[in-house]
Amino acid sequence: GVHSGDAPLVLPPQNLSAYTQQRVRDAAEKIVRRLDITGPVNIQFVAKGTDVMCIETNVRASRSFPFVSKTMGVDFIEAATRAIVGESTDDMNLPDLNTRGRPSNFVGVKAPMFSFTRLRGSDPVLGVEMASTGEVACFGATREEAFLKAMLSTGFQLPKKSILVSVQGSLQDEFTHSAYQLHELGYTLHATKATADILEKNRVPCKVVSYPTEEGTADAPNPIDMIKNDEICMVINIPTHESKRLEDNFIMRRTAVDFGLPLLTNVNLVKCFANAIHEHEGSTHSLEPKTLFEHYQGEKDADAWTDPTEFH
């Protein structure tokens, strides 16, 4: 698993079923009432099938608190402060557990930022221990637009030509769909042997490369040499607990970071990236970024959730 602080956050939910969301609402209400909590609380759930289970409950604000406030158009920090001191919040237009469609005309995505480039020799792969050292948040008309904006804001560079891919066997069929999307956009996929075998079986064109610890040949060049020669623009390396080539995987990830290449190590993140870049046809021209002040200029008074003259 990946620590929640290292995972992108999307609001409103895009993939959760109405059933799962209702189970979360029911559980959250019971937890808060049973613990008699007044003020901010951070509850983490895990959902699988029809099961929704609470992982932990923290009686404090989380790093997501300001992001949720901005996205839902509510100053939750002021609301929490008022509640704690016993002041009324009736004039704040607060959502409750049954509020739907807020926001209704955009999607917010919060993406983590990492400092692996400053930590020489560290393994840039995510796990249960939090590794991010910052975050950015962006809004978009769709999840894909907001996701791309957030990724670009972290310094992520869209690949221009060739992508190195190496995916654990149990995930390769799932990865094939994303690989084909990248192929359709004109990217050349350079795959390590086991990954190349699956892609070729699934009729996704690719070129075979050797593993980093093996000597490259004319038919299967060494991927590290290709990175050093500026022949690779992005690295997708997705390991699991089943991975056997631990050193090869580490070398690919670490070299990508050392040479400033974008690196993806999670299959769900790869899916979201492939969908987003496919929707925007491999270009950022249609994203139309705006500064906060430009957004305010185009905002109607009715859209503002604080005083229209206040920076909210």
# chains A, B, ... in the order shown; residues from 1 in each chain; ligands from 1
>>> residues_around(residues="range 148-164 of chain A", least_positions_apart="2", cutoff="7 Å", atoms="only C-alpha atoms", output="PDB file with N, CA and C atoms, in the first residue's frame")
ATOM      1  N   VAL A 109      -7.777  18.369  -7.615  1.00  0.00           N
ATOM      2  CA  VAL A 109      -6.795  17.299  -7.420  1.00  0.00           C
ATOM      3  C   VAL A 109      -5.607  17.848  -6.639  1.00  0.00           C
ATOM      4  N   LYS A 110      -5.270  17.174  -5.548  1.00  0.00           N
ATOM      5  CA  LYS A 110      -4.083  17.508  -4.755  1.00  0.00           C
ATOM      6  C   LYS A 110      -3.016  16.444  -5.023  1.00  0.00           C
ATOM      7  N   ALA A 111      -1.836  16.879  -5.427  1.00  0.00           N
ATOM      8  CA  ALA A 111      -0.759  15.946  -5.774  1.00  0.00           C
ATOM      9  C   ALA A 111       0.452  16.169  -4.867  1.00  0.00           C
ATOM     10  N   MET A 113       4.477  16.200  -3.627  1.00  0.00           N
ATOM     11  CA  MET A 113       5.800  16.525  -4.167  1.00  0.00           C
ATOM     12  C   MET A 113       6.851  15.807  -3.331  1.00  0.00           C
ATOM     13  N   VAL A 136       0.792  20.192  -4.095  1.00  0.00           N
ATOM     14  CA  VAL A 136       0.162  21.259  -4.863  1.00  0.00           C
ATOM     15  C   VAL A 136      -1.280  20.841  -5.125  1.00  0.00           C
ATOM     16  N   ALA A 137      -2.131  21.822  -5.435  1.00  0.00           N
ATOM     17  CA  ALA A 137      -3.527  21.515  -5.747  1.00  0.00           C
ATOM     18  C   ALA A 137      -3.964  22.347  -6.933  1.00  0.00           C
ATOM     19  N   CYS A 138      -4.747  21.738  -7.808  1.00  0.00           N
ATOM     20  CA  CYS A 138      -5.243  22.425  -8.995  1.00  0.00           C
ATOM     21  C   CYS A 138      -6.693  22.043  -9.253  1.00  0.00           C
ATOM     22  N   GLU A 144      -9.251  14.538 -15.312  1.00  0.00           N
ATOM     23  CA  GLU A 144      -8.039  14.431 -16.122  1.00  0.00           C
ATOM     24  C   GLU A 144      -7.345  15.784 -16.268  1.00  0.00           C
ATOM     25  N   GLU A 145      -8.134  16.829 -16.488  1.00  0.00           N
ATOM     26  CA  GLU A 145      -7.546  18.161 -16.620  1.00  0.00           C
ATOM     27  C   GLU A 145      -6.905  18.597 -15.310  1.00  0.00           C
ATOM     28  N   ALA A 146      -7.631  18.417 -14.195  1.00  0.00           N
ATOM     29  CA  ALA A 146      -7.092  18.811 -12.894  1.00  0.00           C
ATOM     30  C   ALA A 146      -5.851  17.991 -12.546  1.00  0.00           C
ATOM     31  N   SER A 166       8.787  -1.085 -17.276  1.00  0.00           N
ATOM     32  CA  SER A 166       9.122  -2.370 -16.666  1.00  0.00           C
ATOM     33  C   SER A 166       8.110  -2.603 -15.548  1.00  0.00           C
ATOM     34  N   TYR A 187       4.105   7.559 -28.712  1.00  0.00           N
ATOM     35  CA  TYR A 187       5.287   7.289 -27.910  1.00  0.00           C
ATOM     36  C   TYR A 187       5.882   5.934 -28.278  1.00  0.00           C
ATOM     37  N   THR A 188       7.197   5.849 -28.264  1.00  0.00           N
ATOM     38  CA  THR A 188       7.883   4.578 -28.443  1.00  0.00           C
ATOM     39  C   THR A 188       8.108   3.956 -27.073  1.00  0.00           C
ATOM     40  N   LEU A 189       7.627   2.742 -26.882  1.00  0.00           N
ATOM     41  CA  LEU A 189       7.777   2.056 -25.605  1.00  0.00           C
ATOM     42  C   LEU A 189       8.988   1.142 -25.657  1.00  0.00           C
ATOM     43  N   HIS A 190       9.906   1.317 -24.726  1.00  0.00           N
ATOM     44  CA  HIS A 190      11.082   0.448 -24.586  1.00  0.00           C
ATOM     45  C   HIS A 190      10.853  -0.390 -23.326  1.00  0.00           C
ATOM     46  N   ALA A 191      10.672  -1.683 -23.496  1.00  0.00           N
ATOM     47  CA  ALA A 191      10.270  -2.548 -22.388  1.00  0.00           C
ATOM     48  C   ALA A 191      11.340  -3.586 -22.069  1.00  0.00           C
ATOM     49  N   GLU A 231      17.876   9.273 -24.663  1.00  0.00           N
ATOM     50  CA  GLU A 231      16.991   8.531 -25.563  1.00  0.00           C
ATOM     51  C   GLU A 231      15.699   8.111 -24.875  1.00  0.00           C
ATOM     52  N   ILE A 232      15.597   8.363 -23.580  1.00  0.00           N
ATOM     53  CA  ILE A 232      14.399   8.040 -22.799  1.00  0.00           C
ATOM     54  C   ILE A 232      13.896   9.320 -22.144  1.00  0.00           C
ATOM     55  N   CYS A 233      12.570   9.552 -22.201  1.00  0.00           N
ATOM     56  CA  CYS A 233      11.995  10.778 -21.644  1.00  0.00           C
ATOM     57  C   CYS A 233      11.195  10.550 -20.368  1.00  0.00           C
ATOM     58  N   MET A 234      10.821   9.301 -20.086  1.00  0.00           N
ATOM     59  CA  MET A 234      10.058   8.996 -18.884  1.00  0.00           C
ATOM     60  C   MET A 234      10.264   7.537 -18.530  1.00  0.00           C
ATOM     61  N   VAL A 235      10.150   7.218 -17.244  1.00  0.00           N
ATOM     62  CA  VAL A 235      10.321   5.842 -16.775  1.00  0.00           C
ATOM     63  C   VAL A 235       9.073   5.410 -16.024  1.00  0.00           C
ATOM     64  N   ILE A 236       8.539   4.252 -16.420  1.00  0.00           N
ATOM     65  CA  ILE A 236       7.440   3.615 -15.696  1.00  0.00           C
ATOM     66  C   ILE A 236       7.980   2.306 -15.135  1.00  0.00           C
ATOM     67  N   PRO A 262      10.694  12.192 -15.481  1.00  0.00           N
ATOM     68  CA  PRO A 262       9.464  11.848 -14.760  1.00  0.00           C
ATOM     69  C   PRO A 262       9.406  10.348 -14.509  1.00  0.00           C
ATOM     70  N   ALA A 276      -5.448  10.860 -18.822  1.00  0.00           N
ATOM     71  CA  ALA A 276      -5.389  12.319 -18.889  1.00  0.00           C
ATOM     72  C   ALA A 276      -4.653  12.785 -20.133  1.00  0.00           C
TER      73      ALA A 276
END
>>> select_by_dssp(residues="range 170-299 of chain A", states="helix (DSSP H, G or I)", output="NGL selection string")
:A and (170-184 or 193-201 or 223-228 or 246-258 or 267-279 or 285-287 or 292-297)
>>> closest_residue(among="A:His183, A:Met72, A:Asp96, A:Ile77", to="Ala28 in chain A", atoms="only C-alpha atoms")
A:Asp96
>>> residues_around(residues="Thr192 in chain A", least_positions_apart="2", cutoff="9 Å", atoms="only C-alpha atoms", output="NGL selection string")
:A and (164-167 or 190 or 194-197 or 207-211 or 220 or 223)
>>> atom_distance(atom1="CA of Glu215 in chain A", atom2="CA of Ser170 in chain A")
26.1 Å
>>> residues_around(residues="Thr20 in chain A", least_positions_apart="6", cutoff="12 Å", atoms="only C-alpha atoms", output="PDB file with N, CA, C and O atoms, in the first residue's frame")
ATOM      1  N   PRO A  13     -15.407  12.767  -5.229  1.00  0.00           N
ATOM      2  CA  PRO A  13     -15.005  11.404  -5.616  1.00  0.00           C
ATOM      3  C   PRO A  13     -15.456  11.077  -7.037  1.00  0.00           C
ATOM      4  O   PRO A  13     -16.564  11.437  -7.441  1.00  0.00           O
ATOM      5  N   GLN A  14     -14.587  10.389  -7.771  1.00  0.00           N
ATOM      6  CA  GLN A  14     -14.879  10.065  -9.168  1.00  0.00           C
ATOM      7  C   GLN A  14     -15.188   8.593  -9.391  1.00  0.00           C
ATOM      8  O   GLN A  14     -15.929   8.249 -10.315  1.00  0.00           O
ATOM      9  N   ASP A  26     -22.294   6.831   6.886  1.00  0.00           N
ATOM     10  CA  ASP A  26     -22.878   6.185   8.071  1.00  0.00           C
ATOM     11  C   ASP A  26     -21.821   5.919   9.133  1.00  0.00           C
ATOM     12  O   ASP A  26     -22.029   6.187  10.323  1.00  0.00           O
ATOM     13  N   ALA A  27     -20.670   5.381   8.700  1.00  0.00           N
ATOM     14  CA  ALA A  27     -19.604   5.057   9.653  1.00  0.00           C
ATOM     15  C   ALA A  27     -19.031   6.314  10.286  1.00  0.00           C
ATOM     16  O   ALA A  27     -18.770   6.359  11.495  1.00  0.00           O
ATOM     17  N   PHE A  45     -10.594   5.532   5.667  1.00  0.00           N
ATOM     18  CA  PHE A  45     -11.301   4.289   5.405  1.00  0.00           C
ATOM     19  C   PHE A  45     -10.616   3.522   4.291  1.00  0.00           C
ATOM     20  O   PHE A  45      -9.944   4.093   3.429  1.00  0.00           O
ATOM     21  N   VAL A  46     -10.799   2.213   4.297  1.00  0.00           N
ATOM     22  CA  VAL A  46     -10.399   1.380   3.169  1.00  0.00           C
ATOM     23  C   VAL A  46     -11.652   0.654   2.700  1.00  0.00           C
ATOM     24  O   VAL A  46     -12.441   0.140   3.512  1.00  0.00           O
ATOM     25  N   ALA A  47     -11.872   0.645   1.389  1.00  0.00           N
ATOM     26  CA  ALA A  47     -13.074   0.038   0.816  1.00  0.00           C
ATOM     27  C   ALA A  47     -12.681  -1.028  -0.197  1.00  0.00           C
ATOM     28  O   ALA A  47     -11.828  -0.801  -1.050  1.00  0.00           O
ATOM     29  N   LYS A  48     -13.320  -2.185  -0.083  1.00  0.00           N
ATOM     30  CA  LYS A  48     -13.101  -3.257  -1.045  1.00  0.00           C
ATOM     31  C   LYS A  48     -14.385  -4.061  -1.154  1.00  0.00           C
ATOM     32  O   LYS A  48     -14.911  -4.542  -0.146  1.00  0.00           O
ATOM     33  N   GLY A  49     -14.878  -4.190  -2.373  1.00  0.00           N
ATOM     34  CA  GLY A  49     -16.150  -4.877  -2.558  1.00  0.00           C
ATOM     35  C   GLY A  49     -17.256  -4.122  -1.849  1.00  0.00           C
ATOM     36  O   GLY A  49     -17.453  -2.923  -2.056  1.00  0.00           O
ATOM     37  N   THR A  50     -17.966  -4.812  -0.965  1.00  0.00           N
ATOM     38  CA  THR A  50     -19.022  -4.156  -0.183  1.00  0.00           C
ATOM     39  C   THR A  50     -18.554  -3.793   1.219  1.00  0.00           C
ATOM     40  O   THR A  50     -19.349  -3.282   2.020  1.00  0.00           O
ATOM     41  N   ASP A  51     -17.285  -4.043   1.512  1.00  0.00           N
ATOM     42  CA  ASP A  51     -16.748  -3.747   2.845  1.00  0.00           C
ATOM     43  C   ASP A  51     -16.157  -2.345   2.891  1.00  0.00           C
ATOM     44  O   ASP A  51     -15.413  -1.941   1.992  1.00  0.00           O
ATOM     45  N   VAL A  52     -16.473  -1.607   3.931  1.00  0.00           N
ATOM     46  CA  VAL A  52     -15.870  -0.310   4.213  1.00  0.00           C
ATOM     47  C   VAL A  52     -15.384  -0.344   5.650  1.00  0.00           C
ATOM     48  O   VAL A  52     -16.182  -0.495   6.576  1.00  0.00           O
ATOM     49  N   MET A  53     -14.082  -0.234   5.842  1.00  0.00           N
ATOM     50  CA  MET A  53     -13.497  -0.377   7.175  1.00  0.00           C
ATOM     51  C   MET A  53     -12.698   0.859   7.556  1.00  0.00           C
ATOM     52  O   MET A  53     -12.011   1.447   6.715  1.00  0.00           O
TER      53      MET A  53
END
>>> select_by_dssp(residues="range 78-309 of chain A", states="strand (DSSP E or B)", output="VMD selection string")
chain A and resid 107 to 113 134 to 140 162 to 167 188 to 192 207 to 209 234 to 238 263 to 264
>>> closest_residue(among="A:Arg143, A:Lys70, A:Arg82, A:Arg254", to="Arg118 in chain A", atoms="only C-alpha atoms")
A:Arg254
>>> residues_around(residues="range 173-178 of chain A", least_positions_apart="6", cutoff="9 Å", atoms="only C-alpha atoms", output="PyMOL selection string")
chain A and resi 167+198-199+202+204+267+270-275
>>> closest_residue(among="A:Glu294, A:Glu78, A:Asp91, A:Asp219", to="Lys193 in chain A", atoms="only C-alpha atoms")
A:Asp219
>>> residues_around(residues="Ala7 in chain A", least_positions_apart="5", cutoff="12 Å", atoms="only C-alpha atoms", output="list in words")
Gly1, Val2, Ser64, Val109, Lys110, Ala111, Pro112, Met113, Phe114, Leu126, Gly127, Val128, Glu129, Met130, Ala131, Ser132, Gly134, Glu135, Val136, Thr265, Asn266, Asn268 and Leu269 of chain A
>>> residues_around(residues="Asp75 in chain A", least_positions_apart="2", cutoff="10 Å", atoms="only C-alpha atoms", output="list in words")
Phe65, Pro66, Val68, Ser69, Lys70, Met72, Gly73, Ile77, Glu78, Ala79, Ala80, Met92, Asn93, Leu94, Trp305, Thr306 and His312 of chain A
>>> write_last_selection(atoms="N, CA and C atoms", output="short mmCIF file (atom, residue, chain, number, x, y, z; two decimals), in the first residue's frame")
data_model
loop_
_atom_site.label_atom_id
_atom_site.label_comp_id
_atom_site.auth_asym_id
_atom_site.auth_seq_id
_atom_site.Cartn_x
_atom_site.Cartn_y
_atom_site.Cartn_z
N PHE A 65 -7.19 19.41 4.92
CA PHE A 65 -8.22 20.32 5.44
C PHE A 65 -8.35 21.59 4.59
N PRO A 66 -7.24 22.31 4.32
CA PRO A 66 -7.35 23.52 3.49
C PRO A 66 -7.80 23.20 2.06
N VAL A 68 -9.77 20.73 1.03
CA VAL A 68 -11.21 20.46 1.03
C VAL A 68 -11.98 21.77 1.20
N SER A 69 -11.48 22.67 2.02
CA SER A 69 -12.13 23.97 2.20
C SER A 69 -12.20 24.73 0.88
N LYS A 70 -11.08 24.81 0.19
CA LYS A 70 -11.03 25.52 -1.09
C LYS A 70 -11.96 24.88 -2.11
N MET A 72 -14.58 22.76 -1.73
CA MET A 72 -16.01 22.75 -1.43
C MET A 72 -16.57 24.14 -1.19
N GLY A 73 -15.70 25.15 -1.16
CA GLY A 73 -16.18 26.51 -0.98
C GLY A 73 -16.66 26.80 0.42
N ILE A 77 -11.95 25.81 8.58
CA ILE A 77 -11.12 26.18 9.72
C ILE A 77 -11.88 27.15 10.63
N GLU A 78 -12.53 28.14 10.01
CA GLU A 78 -13.35 29.06 10.81
C GLU A 78 -14.51 28.32 11.43
N ALA A 79 -15.13 27.41 10.66
CA ALA A 79 -16.27 26.66 11.19
C ALA A 79 -15.86 25.82 12.39
N ALA A 80 -14.70 25.16 12.30
CA ALA A 80 -14.23 24.34 13.41
C ALA A 80 -13.94 25.19 14.64
N MET A 92 -22.87 30.13 7.68
CA MET A 92 -21.69 29.75 6.89
C MET A 92 -21.99 28.84 5.71
N ASN A 93 -23.22 28.46 5.49
CA ASN A 93 -23.59 27.61 4.35
C ASN A 93 -22.75 26.33 4.34
N LEU A 94 -22.68 25.68 5.48
CA LEU A 94 -21.86 24.47 5.60
C LEU A 94 -22.56 23.27 4.97
N TRP A 305 -17.63 32.24 -2.02
CA TRP A 305 -18.16 31.68 -0.78
C TRP A 305 -17.78 32.51 0.44
N THR A 306 -16.98 33.56 0.22
CA THR A 306 -16.76 34.56 1.27
C THR A 306 -17.18 35.90 0.68
N HIS A 312 -10.27 34.43 -1.10
CA HIS A 312 -10.79 33.23 -0.46
C HIS A 312 -10.16 31.99 -1.09
#
>>> closest_residue(among="A:Gln297, A:Phe139, A:Ile227, A:Pro124", to="Leu263 in chain A", atoms="only C-alpha atoms")
A:Pro124
>>> closest_residue(among="A:Asn42, A:Phe106, A:Thr117, A:Gly298", to="Ala141 in chain A", atoms="only C-alpha atoms")
A:Phe106
>>> closest_residue(among="A:Ile277, A:Ile37, A:Cys54, A:Ile224", to="Val24 in chain A", atoms="only C-alpha atoms")
A:Cys54
